[in-house]
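A.B. asks: Let me give you the structure first, and then I'll get to my questions.
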Amino acid sequence: MLLENDAFLTELTKLFLKGKNTGSVTMTLKRYDGRTKPKPRNGNLPEPNEYKCLVRAALGNKKITTVINHKDVTKFQMAYGNLLKANMDGLKKKDKKAARGRKKTKATQ
């Protein structure tokens, strides 16, 4: 479902909350030139003068999408970063001592 940038962020917040109980949220970011049909094999199309960014998120069967214009990238990235910081509270810290001990044992063998 294609959403506006602000609506995408609110739906993404809801997906993160559902993901804490049911599964994981998958995010995809890629360059988007605005075309909805594939480029023809023999036709040379002019390159767009401004690329956009396509952002997708999925949790199970629920999928959301937004397209970010070049001028709105900074604003979206700031809001997206704050959203990630707020919703990544279940991560576990890495045990550095155990990792260091494993490296030594492999090197000595």
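FYI, nothing fancy with the structure tokens labels: chains A, B, ... in order, residues from 1 per chain, ligands from 1 as they appear.
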List as a count of residues only the protein and nucleic acid residues near stretch 30-40 of chain A, meaning an atom at most 6 Å away when only C-alpha atoms are counted, but skip any in the same chain fewer than 3 places from it.

C.D. replies: 5

A.B. asks: Just the residues within 10 Å of A:Leu17, please, counting only C-alpha atoms, with nothing from its chain fewer than 6 positions along; format it as a count of residues only.

C.D. replies: 3

A.B. asks: In Å, with one decimal, what is the gap from atom CA of A:Asp72 to atom CA of A:Phe16?

C.D. replies: 22.9 Å

A.B. asks: Determine the nearest neighbour of A:Lys18 from the options A:Asp95, A:Gly60, A:Glu50, A:Asp6, counting only C-alpha atoms.

C.D. replies: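 Nearest candidate to A:Lys18 out of A:Asp95, A:Gly60, A:Glu50, A:Asp6: A:Gly60.
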
A.B. asks: Between A:Thr13, A:Thr28, A:Asn49, A:Gln77, which residue has the minimum interatomic distance to A:Thr65, considering only C-alpha atoms?

C.D. replies: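 Checking each of A:Thr13, A:Thr28, A:Asn49, A:Gln77 against A:Thr65, counting only C-alpha atoms, the winner is A:Thr28.
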
A.B. asks: Between A:Leu84, A:Ala7, A:Val55, A:Ala98, which residue has the minimum interatomic distance to A:Asn69, considering only C-alpha atoms?

C.D. replies: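 Between A:Leu84, A:Ala7, A:Val55, A:Ala98, the residue approaching A:Asn69 most closely is A:Val55.
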
A.B. asks: Rounded to one decimal place, report the atom CA of A:Asn5-atom CA of A:Phe76 distance in Å.

C.D. replies: 7.3 Å

A.B. asks: Could you work out how far atom CA of A:Gly23 lies from atom CA of A:Phe8, giving the answer in Å with one decimal?

C.D. replies: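 Going from atom CA of A:Phe8 over to atom CA of A:Gly23 covers 19.3 Å.
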
A.B. asks: For a quick check of understanding, using only C-alpha atoms, which of A:Lys92, A:Asn44, A:Leu59, A:Lys85 has the smallest distance to A:Asn21?

C.D. replies: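 Closest to A:Asn21 of all the choices is A:Leu59.
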
A.B. asks: To test your reading of the structure, identify every residue in chain A that backbone DSSP assigns to strand (DSSP E or B), and report it as a ChimeraX atom specification.

C.D. replies: /A:2-3,26-32,52-59,62-68

A.B. asks: I'd like the neighbourhood of A:Leu2 as a PyMOL selection string, where a residue qualifies if any of its atoms comes within 8 Å (using only C-alpha atoms), though same-chain residues fewer than 3 positions away should be ignored.

C.D. replies: chain A and resi 64-67

A.B. asks: Within 7 Å of A:Met27, counting only C-alpha atoms, which residues qualify if same-chain residues fewer than 2 places away don't, as a PyMOL selection string?

C.D. replies: chain A and resi 25+29+56-58

A.B. asks: From a DSSP pass on the backbone, collect the residues of stretch 1-108 of chain A flagged as alpha helix (DSSP H) and hand them back as a PyMOL selection string.

C.D. replies: chain A and resi 5-22+73-87+96-108

A.B. asks: Could you write those residues out with C-alpha atoms, as a tab-separated table (two decimals), in the first residue's frame?

C.D. replies:
chain	number	residue	atom	x	y	z
A	5	ASN	CA	5.84	9.89	4.20
A	6	ASP	CA	4.18	10.87	7.50
A	7	ALA	CA	1.49	8.20	7.20
A	8	PHE	CA	4.22	5.65	6.42
A	9	LEU	CA	6.08	6.50	9.63
A	10	THR	CA	2.93	6.13	11.75
A	11	GLU	CA	2.10	2.77	10.13
A	12	LEU	CA	5.72	1.70	10.61
A	13	THR	CA	5.40	2.46	14.33
A	14	LYS	CA	2.35	0.20	14.45
A	15	LEU	CA	4.27	-2.54	12.62
A	16	PHE	CA	7.14	-2.31	15.12
A	17	LEU	CA	4.69	-2.66	18.02
A	18	LYS	CA	3.07	-5.72	16.40
A	19	GLY	CA	6.52	-7.13	15.60
A	20	LYS	CA	7.51	-7.26	19.25
A	21	ASN	CA	4.97	-10.05	19.77
A	22	THR	CA	4.62	-11.81	16.43
A	73	VAL	CA	15.26	12.87	2.30
A	74	THR	CA	16.90	14.66	5.24
A	75	LYS	CA	13.62	15.24	7.05
A	76	PHE	CA	12.53	11.63	6.51
A	77	GLN	CA	15.90	10.22	7.64
A	78	MET	CA	15.76	12.21	10.88
A	79	ALA	CA	12.23	11.00	11.65
A	80	TYR	CA	13.10	7.43	10.63
A	81	GLY	CA	16.22	7.46	12.84
A	82	ASN	CA	14.23	8.64	15.84
A	83	LEU	CA	11.64	5.94	15.16
A	84	LEU	CA	14.31	3.23	15.06
A	85	LYS	CA	15.91	4.47	18.28
A	86	ALA	CA	12.56	4.40	20.06
A	87	ASN	CA	11.63	0.89	18.89
A	96	LYS	CA	32.93	-9.09	24.36
A	97	LYS	CA	34.83	-11.42	26.72
A	98	ALA	CA	33.35	-14.56	25.19
A	99	ALA	CA	34.08	-13.35	21.66
A	100	ARG	CA	37.68	-12.53	22.58
A	101	GLY	CA	38.13	-15.97	24.17
A	102	ARG	CA	36.85	-17.72	21.05
A	103	LYS	CA	39.32	-15.90	18.84
A	104	LYS	CA	42.25	-16.98	21.00
A	105	THR	CA	41.24	-20.61	21.02
A	106	LYS	CA	40.94	-20.72	17.22
A	107	ALA	CA	44.35	-19.07	16.79
A	108	THR	CA	46.08	-21.50	19.14
